$ cat input24.pdb   # PDB, C-alpha atoms and all ligand atoms
ATOM      1  CA  MET A  14      99.154 111.680 121.173
ATOM      2  CA  ILE A  15      97.057 110.921 118.124
ATOM      3  CA  ILE A  16      99.327 111.426 115.113
ATOM      4  CA  ASP A  17      97.348 113.481 112.610
ATOM      5  CA  GLY A  18      98.229 112.120 109.160
ATOM      6  CA  LYS A  19      95.669 114.331 107.467
ATOM      7  CA  ALA A  20      97.231 117.528 108.794
ATOM      8  CA  THR A  21     100.797 116.300 108.204
ATOM      9  CA  ALA A  22      99.925 115.370 104.619
ATOM     10  CA  ALA A  23      98.255 118.759 104.041
ATOM     11  CA  GLU A  24     101.409 120.549 105.270
ATOM     12  CA  LEU A  25     103.583 118.397 103.003
ATOM     13  CA  ARG A  26     101.321 119.096 100.007
ATOM     14  CA  GLN A  27     101.544 122.816 100.799
ATOM     15  CA  ARG A  28     105.371 122.664 100.720
ATOM     16  CA  ILE A  29     105.220 120.646  97.490
ATOM     17  CA  GLY A  30     102.954 123.288  95.919
ATOM     18  CA  GLU A  31     105.482 126.002  96.837
ATOM     19  CA  ALA A  32     108.358 123.920  95.447
ATOM     20  CA  VAL A  33     106.435 123.370  92.196
ATOM     21  CA  ASP A  34     105.861 127.151  91.864
ATOM     22  CA  ALA A  35     109.590 127.732  92.332
ATOM     23  CA  LEU A  36     110.484 125.063  89.739
ATOM     24  CA  LYS A  37     108.128 126.682  87.225
ATOM     25  CA  GLN A  38     109.587 130.131  87.785
ATOM     26  CA  GLN A  39     113.261 129.249  88.092
ATOM     27  CA  HIS A  40     113.548 126.307  85.688
ATOM     28  CA  ASP A  41     110.421 126.442  83.511
ATOM     29  CA  LEU A  42     109.691 122.939  84.847
ATOM     30  CA  THR A  43     106.187 121.639  85.579
ATOM     31  CA  PRO A  44     106.451 118.139  87.096
ATOM     32  CA  GLY A  45     104.072 115.707  85.389
ATOM     33  CA  LEU A  46     102.548 112.535  86.847
ATOM     34  CA  ALA A  47     100.854 109.895  84.675
ATOM     35  CA  VAL A  48      98.485 107.452  86.352
ATOM     36  CA  VAL A  49      97.300 104.382  84.479
ATOM     37  CA  LEU A  50      94.255 102.435  85.645
ATOM     38  CA  VAL A  51      93.246  99.155  84.029
ATOM     39  CA  GLY A  52      89.668  98.052  84.665
ATOM     40  CA  THR A  53      86.986  99.382  86.996
ATOM     41  CA  ASP A  54      87.949  98.273  90.511
ATOM     42  CA  PRO A  55      85.957 100.776  92.643
ATOM     43  CA  ALA A  56      88.687 101.266  95.293
ATOM     44  CA  SER A  57      91.316 101.832  92.577
ATOM     45  CA  GLU A  58      89.030 104.335  90.841
ATOM     46  CA  VAL A  59      88.781 106.331  94.085
ATOM     47  CA  TYR A  60      92.576 106.270  94.573
ATOM     48  CA  VAL A  61      93.216 107.349  90.991
ATOM     49  CA  ARG A  62      90.667 110.177  91.214
ATOM     50  CA  ASN A  63      92.260 111.440  94.443
ATOM     51  CA  LYS A  64      95.744 111.222  92.948
ATOM     52  CA  ALA A  65      94.669 113.196  89.862
ATOM     53  CA  ARG A  66      92.958 115.882  91.968
ATOM     54  CA  GLN A  67      95.866 116.332  94.372
ATOM     55  CA  THR A  68      98.396 116.383  91.500
ATOM     56  CA  GLU A  69      96.601 119.328  89.938
ATOM     57  CA  GLU A  70      96.060 121.087  93.281
ATOM     58  CA  ALA A  71      99.837 120.987  93.791
ATOM     59  CA  GLY A  72     100.269 122.787  90.452
ATOM     60  CA  MET A  73     101.635 119.737  88.636
ATOM     61  CA  ARG A  74     100.523 118.296  85.325
ATOM     62  CA  GLY A  75      98.346 115.183  85.692
ATOM     63  CA  PHE A  76      97.848 112.606  82.945
ATOM     64  CA  LYS A  77      95.171 109.993  83.572
ATOM     65  CA  PHE A  78      94.649 106.918  81.415
ATOM     66  CA  THR A  79      91.759 104.559  82.064
ATOM     67  CA  LEU A  80      92.116 101.386  80.035
ATOM     68  CA  PRO A  81      89.438  98.687  79.720
ATOM     69  CA  GLU A  82      89.614  95.499  81.812
ATOM     70  CA  GLU A  83      90.386  93.421  78.688
ATOM     71  CA  THR A  84      93.534  95.460  77.856
ATOM     72  CA  SER A  85      96.283  92.972  76.980
ATOM     73  CA  GLN A  86      99.658  92.967  78.707
ATOM     74  CA  ASP A  87     101.297  94.062  75.434
ATOM     75  CA  GLN A  88      98.905  97.002  75.099
ATOM     76  CA  LEU A  89      99.667  98.082  78.673
ATOM     77  CA  LEU A  90     103.408  97.715  78.068
ATOM     78  CA  ALA A  91     103.052  99.864  74.933
ATOM     79  CA  LYS A  92     101.388 102.577  77.045
ATOM     80  CA  VAL A  93     104.218 102.374  79.606
ATOM     81  CA  HIS A  94     106.848 102.682  76.829
ATOM     82  CA  GLU A  95     105.003 105.687  75.388
ATOM     83  CA  LEU A  96     104.997 107.381  78.819
ATOM     84  CA  ASN A  97     108.677 106.499  79.372
ATOM     85  CA  ALA A  98     109.438 108.440  76.161
ATOM     86  CA  ASN A  99     107.203 111.444  76.944
ATOM     87  CA  PRO A 100     109.354 114.320  78.310
ATOM     88  CA  GLU A 101     106.321 115.976  79.953
ATOM     89  CA  VAL A 102     105.809 112.867  82.113
ATOM     90  CA  HIS A 103     108.289 112.660  85.001
ATOM     91  CA  GLY A 104     106.449 110.075  87.084
ATOM     92  CA  ILE A 105     104.509 106.960  86.048
ATOM     93  CA  LEU A 106     102.187 105.025  88.309
ATOM     94  CA  VAL A 107     100.347 101.933  87.175
ATOM     95  CA  GLN A 108      97.566 101.394  89.703
ATOM     96  CA  LEU A 109      97.683  97.958  91.349
ATOM     97  CA  PRO A 110      96.190  95.411  91.479
ATOM     98  CA  LEU A 111      96.140  94.645  87.751
ATOM     99  CA  PRO A 112      93.706  92.150  86.203
ATOM    100  CA  ASP A 113      94.821  88.513  86.555
ATOM    101  CA  HIS A 114      95.885  88.141  82.893
ATOM    102  CA  ILE A 115      98.580  90.824  83.335
ATOM    103  CA  ASP A 116     101.840  90.096  85.166
ATOM    104  CA  GLU A 117     102.437  92.962  87.601
ATOM    105  CA  LYS A 118     106.179  92.377  87.847
ATOM    106  CA  THR A 119     106.641  92.582  84.056
ATOM    107  CA  VAL A 120     104.751  95.872  83.954
ATOM    108  CA  ILE A 121     106.611  97.393  86.927
ATOM    109  CA  GLU A 122     109.971  96.402  85.431
ATOM    110  CA  ALA A 123     108.980  98.101  82.132
ATOM    111  CA  ILE A 124     108.690 101.505  83.843
ATOM    112  CA  ASP A 125     111.807 103.673  83.472
ATOM    113  CA  PRO A 126     113.332 103.506  87.006
ATOM    114  CA  ALA A 127     113.854 107.294  86.854
ATOM    115  CA  LYS A 128     110.057 107.695  86.475
ATOM    116  CA  ASP A 129     109.072 104.906  88.902
ATOM    117  CA  VAL A 130     107.428 107.173  91.504
ATOM    118  CA  ASP A 131     105.854 104.178  93.276
ATOM    119  CA  GLY A 132     109.410 102.956  93.960
ATOM    120  CA  PHE A 133     108.507  99.342  93.143
ATOM    121  CA  HIS A 134     111.070  98.769  90.331
ATOM    122  CA  ALA A 135     113.873  96.370  91.302
ATOM    123  CA  ILE A 136     116.449  99.127  90.621
ATOM    124  CA  ASN A 137     114.814 101.434  93.175
ATOM    125  CA  ALA A 138     114.236  98.586  95.663
ATOM    126  CA  GLY A 139     117.930  97.666  95.290
ATOM    127  CA  ARG A 140     119.080 101.250  95.767
ATOM    128  CA  LEU A 141     116.989 101.493  98.958
ATOM    129  CA  MET A 142     118.412  98.174 100.174
ATOM    130  CA  ASN A 143     121.959  99.413  99.497
ATOM    131  CA  GLY A 144     121.228 102.717 101.247
ATOM    132  CA  GLU A 145     122.113 104.618  98.054
ATOM    133  CA  ALA A 146     121.040 108.188  97.441
ATOM    134  CA  GLY A 147     118.719 108.712  94.487
ATOM    135  CA  ALA A 148     116.319 105.860  95.137
ATOM    136  CA  LEU A 149     112.652 106.570  94.529
ATOM    137  CA  VAL A 150     111.223 105.053  97.719
ATOM    138  CA  PRO A 151     107.688 103.576  98.047
ATOM    139  CA  CYS A 152     105.249 106.212  99.246
ATOM    140  CA  THR A 153     103.411 104.547 102.137
ATOM    141  CA  PRO A 154     106.670 103.537 103.911
ATOM    142  CA  VAL A 155     108.038 107.087 103.600
ATOM    143  CA  GLY A 156     104.765 108.341 105.090
ATOM    144  CA  CYS A 157     105.148 105.907 108.022
ATOM    145  CA  VAL A 158     108.610 107.251 108.900
ATOM    146  CA  ILE A 159     107.485 110.885 108.625
ATOM    147  CA  LEU A 160     104.603 110.122 111.016
ATOM    148  CA  ALA A 161     106.854 108.273 113.504
ATOM    149  CA  LYS A 162     109.053 111.387 113.572
ATOM    150  CA  GLN A 163     106.032 113.501 114.494
ATOM    151  CA  HIS A 164     106.196 111.808 117.881
ATOM    152  CA  LEU A 165     109.855 110.918 118.270
ATOM    153  CA  GLY A 166     111.539 113.837 116.515
ATOM    154  CA  GLU A 167     114.118 113.509 113.747
ATOM    155  CA  ASN A 168     116.410 111.145 115.631
ATOM    156  CA  LEU A 169     115.183 107.536 115.609
ATOM    157  CA  SER A 170     118.669 106.158 116.256
ATOM    158  CA  GLY A 171     118.799 103.068 118.476
ATOM    159  CA  LYS A 172     115.041 102.619 118.710
ATOM    160  CA  HIS A 173     113.770  99.062 118.395
ATOM    161  CA  ALA A 174     111.265  98.989 115.555
ATOM    162  CA  VAL A 175     109.050  95.962 114.981
ATOM    163  CA  VAL A 176     107.541  95.904 111.483
ATOM    164  CA  ILE A 177     104.702  93.411 111.141
ATOM    165  CA  GLY A 178     104.428  92.421 107.472
ATOM    166  CA  ARG A 179     107.079  91.722 104.832
ATOM    167  CA  SER A 180     105.434  92.789 101.574
ATOM    168  CA  ASN A 181     107.522  94.476  98.891
ATOM    169  CA  ILE A 182     105.263  97.531  98.932
ATOM    170  CA  VAL A 183     105.102  98.220 102.682
ATOM    171  CA  GLY A 184     106.822  95.869 105.132
ATOM    172  CA  LYS A 185     110.250  95.460 103.512
ATOM    173  CA  PRO A 186     110.736  99.076 102.396
ATOM    174  CA  VAL A 187     109.577 100.520 105.737
ATOM    175  CA  ALA A 188     112.036  98.175 107.484
ATOM    176  CA  MET A 189     114.852  99.407 105.193
ATOM    177  CA  LEU A 190     113.956 103.052 105.856
ATOM    178  CA  LEU A 191     113.952 102.475 109.625
ATOM    179  CA  LEU A 192     117.311 100.716 109.334
ATOM    180  CA  LYS A 193     118.637 103.750 107.450
ATOM    181  CA  GLU A 194     117.419 105.834 110.420
ATOM    182  CA  HIS A 195     119.637 103.603 112.632
ATOM    183  CA  CYS A 196     116.770 101.733 114.276
ATOM    184  CA  THR A 197     117.224  98.121 115.331
ATOM    185  CA  VAL A 198     114.634  96.478 113.111
ATOM    186  CA  SER A 199     112.717  93.232 113.575
ATOM    187  CA  ILE A 200     110.573  92.134 110.642
ATOM    188  CA  ALA A 201     107.669  89.934 111.729
ATOM    189  CA  HIS A 202     105.311  87.928 109.522
ATOM    190  CA  SER A 203     102.807  85.100 109.640
ATOM    191  CA  ARG A 204     105.419  82.552 110.850
ATOM    192  CA  THR A 205     106.826  84.740 113.638
ATOM    193  CA  GLU A 206     106.724  83.015 117.031
ATOM    194  CA  ASP A 207     105.403  84.956 120.021
ATOM    195  CA  LEU A 208     104.499  88.076 118.053
ATOM    196  CA  PRO A 209     102.875  89.705 121.135
ATOM    197  CA  GLY A 210     106.123  89.215 123.084
ATOM    198  CA  LEU A 211     108.199  90.694 120.245
ATOM    199  CA  CYS A 212     105.873  93.688 119.928
ATOM    200  CA  ARG A 213     106.108  94.367 123.664
ATOM    201  CA  GLN A 214     109.832  95.061 123.168
ATOM    202  CA  ALA A 215     109.207  97.656 120.451
ATOM    203  CA  ASP A 216     109.705 101.400 120.744
ATOM    204  CA  ILE A 217     108.086 101.669 117.310
ATOM    205  CA  VAL A 218     105.450  99.248 115.979
ATOM    206  CA  VAL A 219     104.541  99.415 112.285
ATOM    207  CA  ALA A 220     101.572  97.168 111.533
ATOM    208  CA  ALA A 221     101.156  96.349 107.812
ATOM    209  CA  VAL A 222      99.232  93.099 107.874
ATOM    210  CA  GLY A 223      95.702  93.560 106.539
ATOM    211  CA  ARG A 224      93.978  91.897 109.522
ATOM    212  CA  ALA A 225      91.421  93.983 111.361
ATOM    213  CA  GLU A 226      92.528  94.976 114.897
ATOM    214  CA  MET A 227      94.983  92.077 115.163
ATOM    215  CA  VAL A 228      97.499  93.992 117.302
ATOM    216  CA  LYS A 229      96.034  94.175 120.804
ATOM    217  CA  GLY A 230      96.529  96.861 123.447
ATOM    218  CA  ASP A 231      98.561  94.544 125.680
ATOM    219  CA  TRP A 232     101.077  93.963 122.828
ATOM    220  CA  ILE A 233     102.160  97.603 123.098
ATOM    221  CA  LYS A 234     104.994  98.765 125.369
ATOM    222  CA  PRO A 235     103.877 101.818 127.410
ATOM    223  CA  GLY A 236     104.917 104.984 125.570
ATOM    224  CA  ALA A 237     105.642 103.261 122.240
ATOM    225  CA  THR A 238     104.923 104.831 118.843
ATOM    226  CA  VAL A 239     102.340 102.865 116.858
ATOM    227  CA  ILE A 240     102.004 103.329 113.096
ATOM    228  CA  ASP A 241      98.979 101.507 111.712
ATOM    229  CA  VAL A 242      99.135 100.927 107.947
ATOM    230  CA  GLY A 243      96.208  98.516 107.747
ATOM    231  CA  ILE A 244      92.998  99.393 105.971
ATOM    232  CA  ASN A 245      90.263  96.869 106.743
ATOM    233  CA  ARG A 246      86.541  97.243 106.158
ATOM    234  CA  ILE A 247      84.443  95.571 108.850
ATOM    235  CA  ASP A 248      80.756  95.127 109.522
ATOM    236  CA  ALA A 249      79.416  97.973 111.675
ATOM    237  CA  GLY A 250      75.894  96.514 112.010
ATOM    238  CA  GLU A 251      72.622  97.709 110.459
ATOM    239  CA  GLY A 252      73.997  96.962 106.999
ATOM    240  CA  LYS A 253      76.824  99.460 107.415
ATOM    241  CA  THR A 254      80.593  99.022 107.308
ATOM    242  CA  ARG A 255      83.512 101.003 108.713
ATOM    243  CA  LEU A 256      87.276 101.169 108.244
ATOM    244  CA  VAL A 257      89.642  99.948 110.940
ATOM    245  CA  GLY A 258      93.372  99.392 111.039
ATOM    246  CA  ASP A 259      95.499  96.402 112.010
ATOM    247  CA  VAL A 260      95.678  97.718 115.586
ATOM    248  CA  ALA A 261      92.871  97.623 118.170
ATOM    249  CA  PHE A 262      92.909 101.399 118.383
ATOM    250  CA  ASP A 263      91.163 102.260 121.675
ATOM    251  CA  LYS A 264      93.088  99.808 123.851
ATOM    252  CA  ALA A 265      96.412 100.495 122.110
ATOM    253  CA  ALA A 266      95.904 104.270 122.346
ATOM    254  CA  SER A 267      95.550 104.033 126.117
ATOM    255  CA  VAL A 268      99.044 102.460 126.372
ATOM    256  CA  ALA A 269     100.973 103.959 123.447
ATOM    257  CA  GLY A 270     102.846 107.242 123.558
ATOM    258  CA  ALA A 271     101.486 108.016 120.099
ATOM    259  CA  ILE A 272      99.346 106.240 117.538
ATOM    260  CA  THR A 273      98.035 106.858 114.032
ATOM    261  CA  PRO A 274      94.253 106.554 113.558
ATOM    262  CA  VAL A 275      92.542 104.712 110.700
ATOM    263  CA  PRO A 276      91.323 106.525 108.699
ATOM    264  CA  GLY A 277      93.307 109.769 108.911
ATOM    265  CA  GLY A 278      96.758 108.386 109.704
ATOM    266  CA  VAL A 279      99.049 106.727 107.173
ATOM    267  CA  GLY A 280      96.470 106.795 104.335
ATOM    268  CA  PRO A 281      96.630 110.521 103.514
ATOM    269  CA  MET A 282     100.449 110.456 103.573
ATOM    270  CA  THR A 283     100.659 108.048 100.643
ATOM    271  CA  ILE A 284      99.483 110.461  97.937
ATOM    272  CA  ALA A 285     101.443 113.371  99.451
ATOM    273  CA  CYS A 286     104.615 111.243  99.268
ATOM    274  CA  LEU A 287     103.750 110.285  95.682
ATOM    275  CA  LEU A 288     103.666 113.974  94.766
ATOM    276  CA  ARG A 289     106.966 114.429  96.577
ATOM    277  CA  ASN A 290     108.509 111.579  94.570
ATOM    278  CA  THR A 291     107.226 113.171  91.360
ATOM    279  CA  VAL A 292     108.980 116.458  92.180
ATOM    280  CA  THR A 293     112.178 114.548  93.041
ATOM    281  CA  ALA A 294     111.960 112.503  89.822
ATOM    282  CA  ALA A 295     111.342 115.598  87.676
ATOM    283  CA  CYS A 296     114.334 117.409  89.200
ATOM    284  CA  SER A 297     116.616 114.386  88.821
ATOM    285  CA  GLN A 298     115.624 113.962  85.167
ATOM    286  CA  LEU A 299     116.553 117.585  84.469
ATOM    287  CA  GLY A 300     119.747 117.588  86.540
ATOM    288  CA  ILE A 301     118.292 119.994  89.135
ATOM    289  CA  THR A 302     118.964 119.481  92.854
ATOM    290  CA  PRO A 303     115.568 118.402  94.301
ATOM    291  CA  PRO A 304     114.106 120.703  96.987
ATOM    292  CA  GLU A 305     114.161 119.523 100.633
ATOM    293  CA  LEU A 306     110.553 118.504 101.288
TER
HETATM  294  P1  LIG B 401     100.246  91.864 102.095
HETATM  295  O1  LIG B 401     101.052  91.916 100.859
HETATM  296  O2  LIG B 401      99.038  91.004 102.148
HETATM  297  O3  LIG B 401     101.221  91.465 103.294
HETATM  298  C1  LIG B 401     100.720  91.197 104.564
HETATM  299  C2  LIG B 401     101.835  90.760 105.463
HETATM  300  O4  LIG B 401     101.270  90.489 106.740
HETATM  301  C3  LIG B 401     102.553  89.505 105.003
HETATM  302  O5  LIG B 401     103.953  89.690 105.098
HETATM  303  C4  LIG B 401     102.067  88.439 105.959
HETATM  304  O6  LIG B 401     103.031  87.467 106.309
HETATM  305  C5  LIG B 401     101.772  89.241 107.209
HETATM  306  N1  LIG B 401     100.777  88.561 108.037
HETATM  307  C6  LIG B 401      99.588  88.032 107.654
HETATM  308  N2  LIG B 401      98.974  87.477 108.691
HETATM  309  C7  LIG B 401      99.780  87.636 109.761
HETATM  310  C8  LIG B 401      99.703  87.249 111.113
HETATM  311  N3  LIG B 401      98.645  86.577 111.604
HETATM  312  N4  LIG B 401     100.721  87.582 111.928
HETATM  313  C9  LIG B 401     101.799  88.248 111.455
HETATM  314  N5  LIG B 401     101.923  88.652 110.174
HETATM  315  C10 LIG B 401     100.934  88.326 109.349
HETATM  316  O7  LIG B 401      99.722  93.317 102.507
HETATM  317  P2  LIG B 401     100.331  94.782 102.195
HETATM  318  O8  LIG B 401     100.117  95.094 100.771
HETATM  319  O9  LIG B 401     101.681  94.917 102.787
HETATM  320  O10 LIG B 401      99.291  95.671 103.024
HETATM  321  C11 LIG B 401      99.118  95.501 104.418
HETATM  322  C12 LIG B 401      97.963  96.385 104.880
HETATM  323  O11 LIG B 401      98.279  97.744 104.609
HETATM  324  C13 LIG B 401      96.635  96.129 104.157
HETATM  325  O12 LIG B 401      95.580  96.343 105.071
HETATM  326  C14 LIG B 401      96.599  97.207 103.092
HETATM  327  O13 LIG B 401      95.284  97.563 102.720
HETATM  328  C15 LIG B 401      97.267  98.330 103.824
HETATM  329  N6  LIG B 401      97.896  99.331 102.951
HETATM  330  C16 LIG B 401      97.648 100.636 103.223
HETATM  331  C17 LIG B 401      98.232 101.631 102.462
HETATM  332  C18 LIG B 401      97.950 103.058 102.784
HETATM  333  O14 LIG B 401      98.107 103.929 101.956
HETATM  334  N7  LIG B 401      97.579 103.355 104.014
HETATM  335  C19 LIG B 401      99.083 101.294 101.409
HETATM  336  C20 LIG B 401      99.361  99.938 101.185
HETATM  337  C21 LIG B 401      98.770  98.962 101.963
HETATM  338  P3  LIG B 401     103.591  86.362 105.247
HETATM  339  O15 LIG B 401     104.561  87.124 104.388
HETATM  340  O16 LIG B 401     104.239  85.370 106.097
HETATM  341  O17 LIG B 401     102.406  85.869 104.483
END

$ encode --input "input24.pdb" --output "structure tokens"
Amino acid sequence: MIIDGKATAAELRQRIGEAVDALKQQHDLTPGLAVVLVGTDPASEVYVRNKARQTEEAGMRGFKFTLPEETSQDQLLAKVHELNANPEVHGILVQLPLPDHIDEKTVIEAIDPAKDVDGFHAINAGRLMNGEAGALVPCTPVGCVILAKQHLGENLSGKHAVVIGRSNIVGKPVAMLLLKEHCTVSIAHSRTEDLPGLCRQADIVVAAVGRAEMVKGDWIKPGATVIDVGINRIDAGEGKTRLVGDVAFDKAASVAGAITPVPGGVGPMTIACLLRNTVTAACSQLGITPPEL
């Protein structure tokens, strides 16, 4: 089974659009998402454009701020404080990476945790770690779990999940979400011994490494679910490039029970989950029970 992230994300966005219509009609609430981009990183510009487009397609209010590369940390913090105070803005996303002269942690911690739709603020990370309700959870990890359930169904209880990567934005939160689903979770990283052997024990492999096709077909247990988060651009010859994941797709697909492709797997889920977080954040800020999405 090839897990179709594009189709799953489109269905989720459809449900979000319906929920937004209902919030407008029943509560006079239009969720608003503000995206702040500093500088002109081409990949970030593409992400921000896609986020803005999909926000509006879902019927939400989008606010986009493009600040010059030389913006000081204080100027960026002032923008964050302004958005924290704006009642029309329910979600704030500062596109990463930021230029070197700005400390990402300081900026993330300045975002009101109730509006932190990226889920990177220490308050939200702590709530996820504690298994508390009400956490805004990072988008890509939520997308990974939704896609794993496409193959395994709602009940992941007792499955052995091996997460390769321990970053704060993917590896750690996806491990916490899988733990919440009652998986037995192993978190692997660059110092892990016998990573192939560990992977071969996994019912679910989540690869979030950033190394092209590192996970080989013979690392995969027959029938396992493989979620490939990696986005790596490689040389495709004749001056062209192409995107591949962290998993050697063809070989792994012949062994796995299900696998996400790159592109078209985890990637499209990230923005859909961002929109979902924005709806949740807007409802929470107004004391409305968020819709099941
Ligand atoms: P990151 O911060 O660079 O973390 C990479 C992790 O991989 C680290 O924990 C590192 O271990 C581990 N690692 C590196 N080499 C390894 C090796 N040889 N064996 C085992 N583990 C190894 O990356 P990230 O931000 O989590 O992103 C990971 C990938 O996901 C990237 O390709 C990124 O582009 C992609 N991504 C995709 C989306 C999406 O929407 N689809 C969103 C976010 C990220 P140490 O901690 O020991 O260094």

$ resolve_selection --input "input24.pdb" --expression "the PyMOL selection byres (((chain A and resi 241-249) around 8) and not hetatm)" --output "list in words"
Cys157, Val219, Ala220, Ala221, Val222, Gly223, Arg224, Ala225, Val239, Ile240, Gly250, Glu251, Gly252, Lys253, Thr254, Arg255, Leu256, Val257, Gly258, Asp259, Val260, Ile272, Thr273, Pro274, Val275, Pro276, Gly278, Val279 and Gly280 of chain A

$ axis_aligned_box --input "input24.pdb" --around "region 281-297 of chain A" --padding-each-side "6 Å" --output "JSON"
{"center_x": 106.6, "center_y": 112.7, "center_z": 95.6, "size_x": 32.0, "size_y": 21.4, "size_z": 27.9}

$ closest_residue --input "input24.pdb" --among "A:Asn99, A:Asn137, A:Thr68, A:Asn181" --to "ligand LIG 401 (chain B)" --atoms "only C-alpha atoms and all ligand atoms"
A:Asn181

$ residues_around --input "input24.pdb" --residues "region 29-32 of chain A" --least-positions-apart "2" --cutoff "10 Å" --atoms "all atoms listed in the file" --output "list in words"
Ala23, Glu24, Leu25, Arg26, Gln27, Asp34, Ala35, Leu36, Lys37, Gln38, Thr68, Glu69, Glu70, Ala71, Gly72, Met73, Ala285, Cys286, Leu288, Arg289, Thr291, Val292, Pro303, Pro304, Glu305 and Leu306 of chain A

$ write_last_selection --input "input24.pdb" --atoms "C-alpha atoms" --output "CSV table (one decimal), keeping the file's coordinate frame"
chain,number,residue,atom,x,y,z
A,23,ALA,CA,98.3,118.8,104.0
A,24,GLU,CA,101.4,120.5,105.3
A,25,LEU,CA,103.6,118.4,103.0
A,26,ARG,CA,101.3,119.1,100.0
A,27,GLN,CA,101.5,122.8,100.8
A,34,ASP,CA,105.9,127.2,91.9
A,35,ALA,CA,109.6,127.7,92.3
A,36,LEU,CA,110.5,125.1,89.7
A,37,LYS,CA,108.1,126.7,87.2
A,38,GLN,CA,109.6,130.1,87.8
A,68,THR,CA,98.4,116.4,91.5
A,69,GLU,CA,96.6,119.3,89.9
A,70,GLU,CA,96.1,121.1,93.3
A,71,ALA,CA,99.8,121.0,93.8
A,72,GLY,CA,100.3,122.8,90.5
A,73,MET,CA,101.6,119.7,88.6
A,285,ALA,CA,101.4,113.4,99.5
A,286,CYS,CA,104.6,111.2,99.3
A,288,LEU,CA,103.7,114.0,94.8
A,289,ARG,CA,107.0,114.4,96.6
A,291,THR,CA,107.2,113.2,91.4
A,292,VAL,CA,109.0,116.5,92.2
A,303,PRO,CA,115.6,118.4,94.3
A,304,PRO,CA,114.1,120.7,97.0
A,305,GLU,CA,114.2,119.5,100.6
A,306,LEU,CA,110.6,118.5,101.3

$ resolve_selection --input "input24.pdb" --expression "the PyMOL selection byres (((chain A and resi 108-114) around 6) and not hetatm)" --output "PyMOL selection string"
chain A and resi 50+107+115
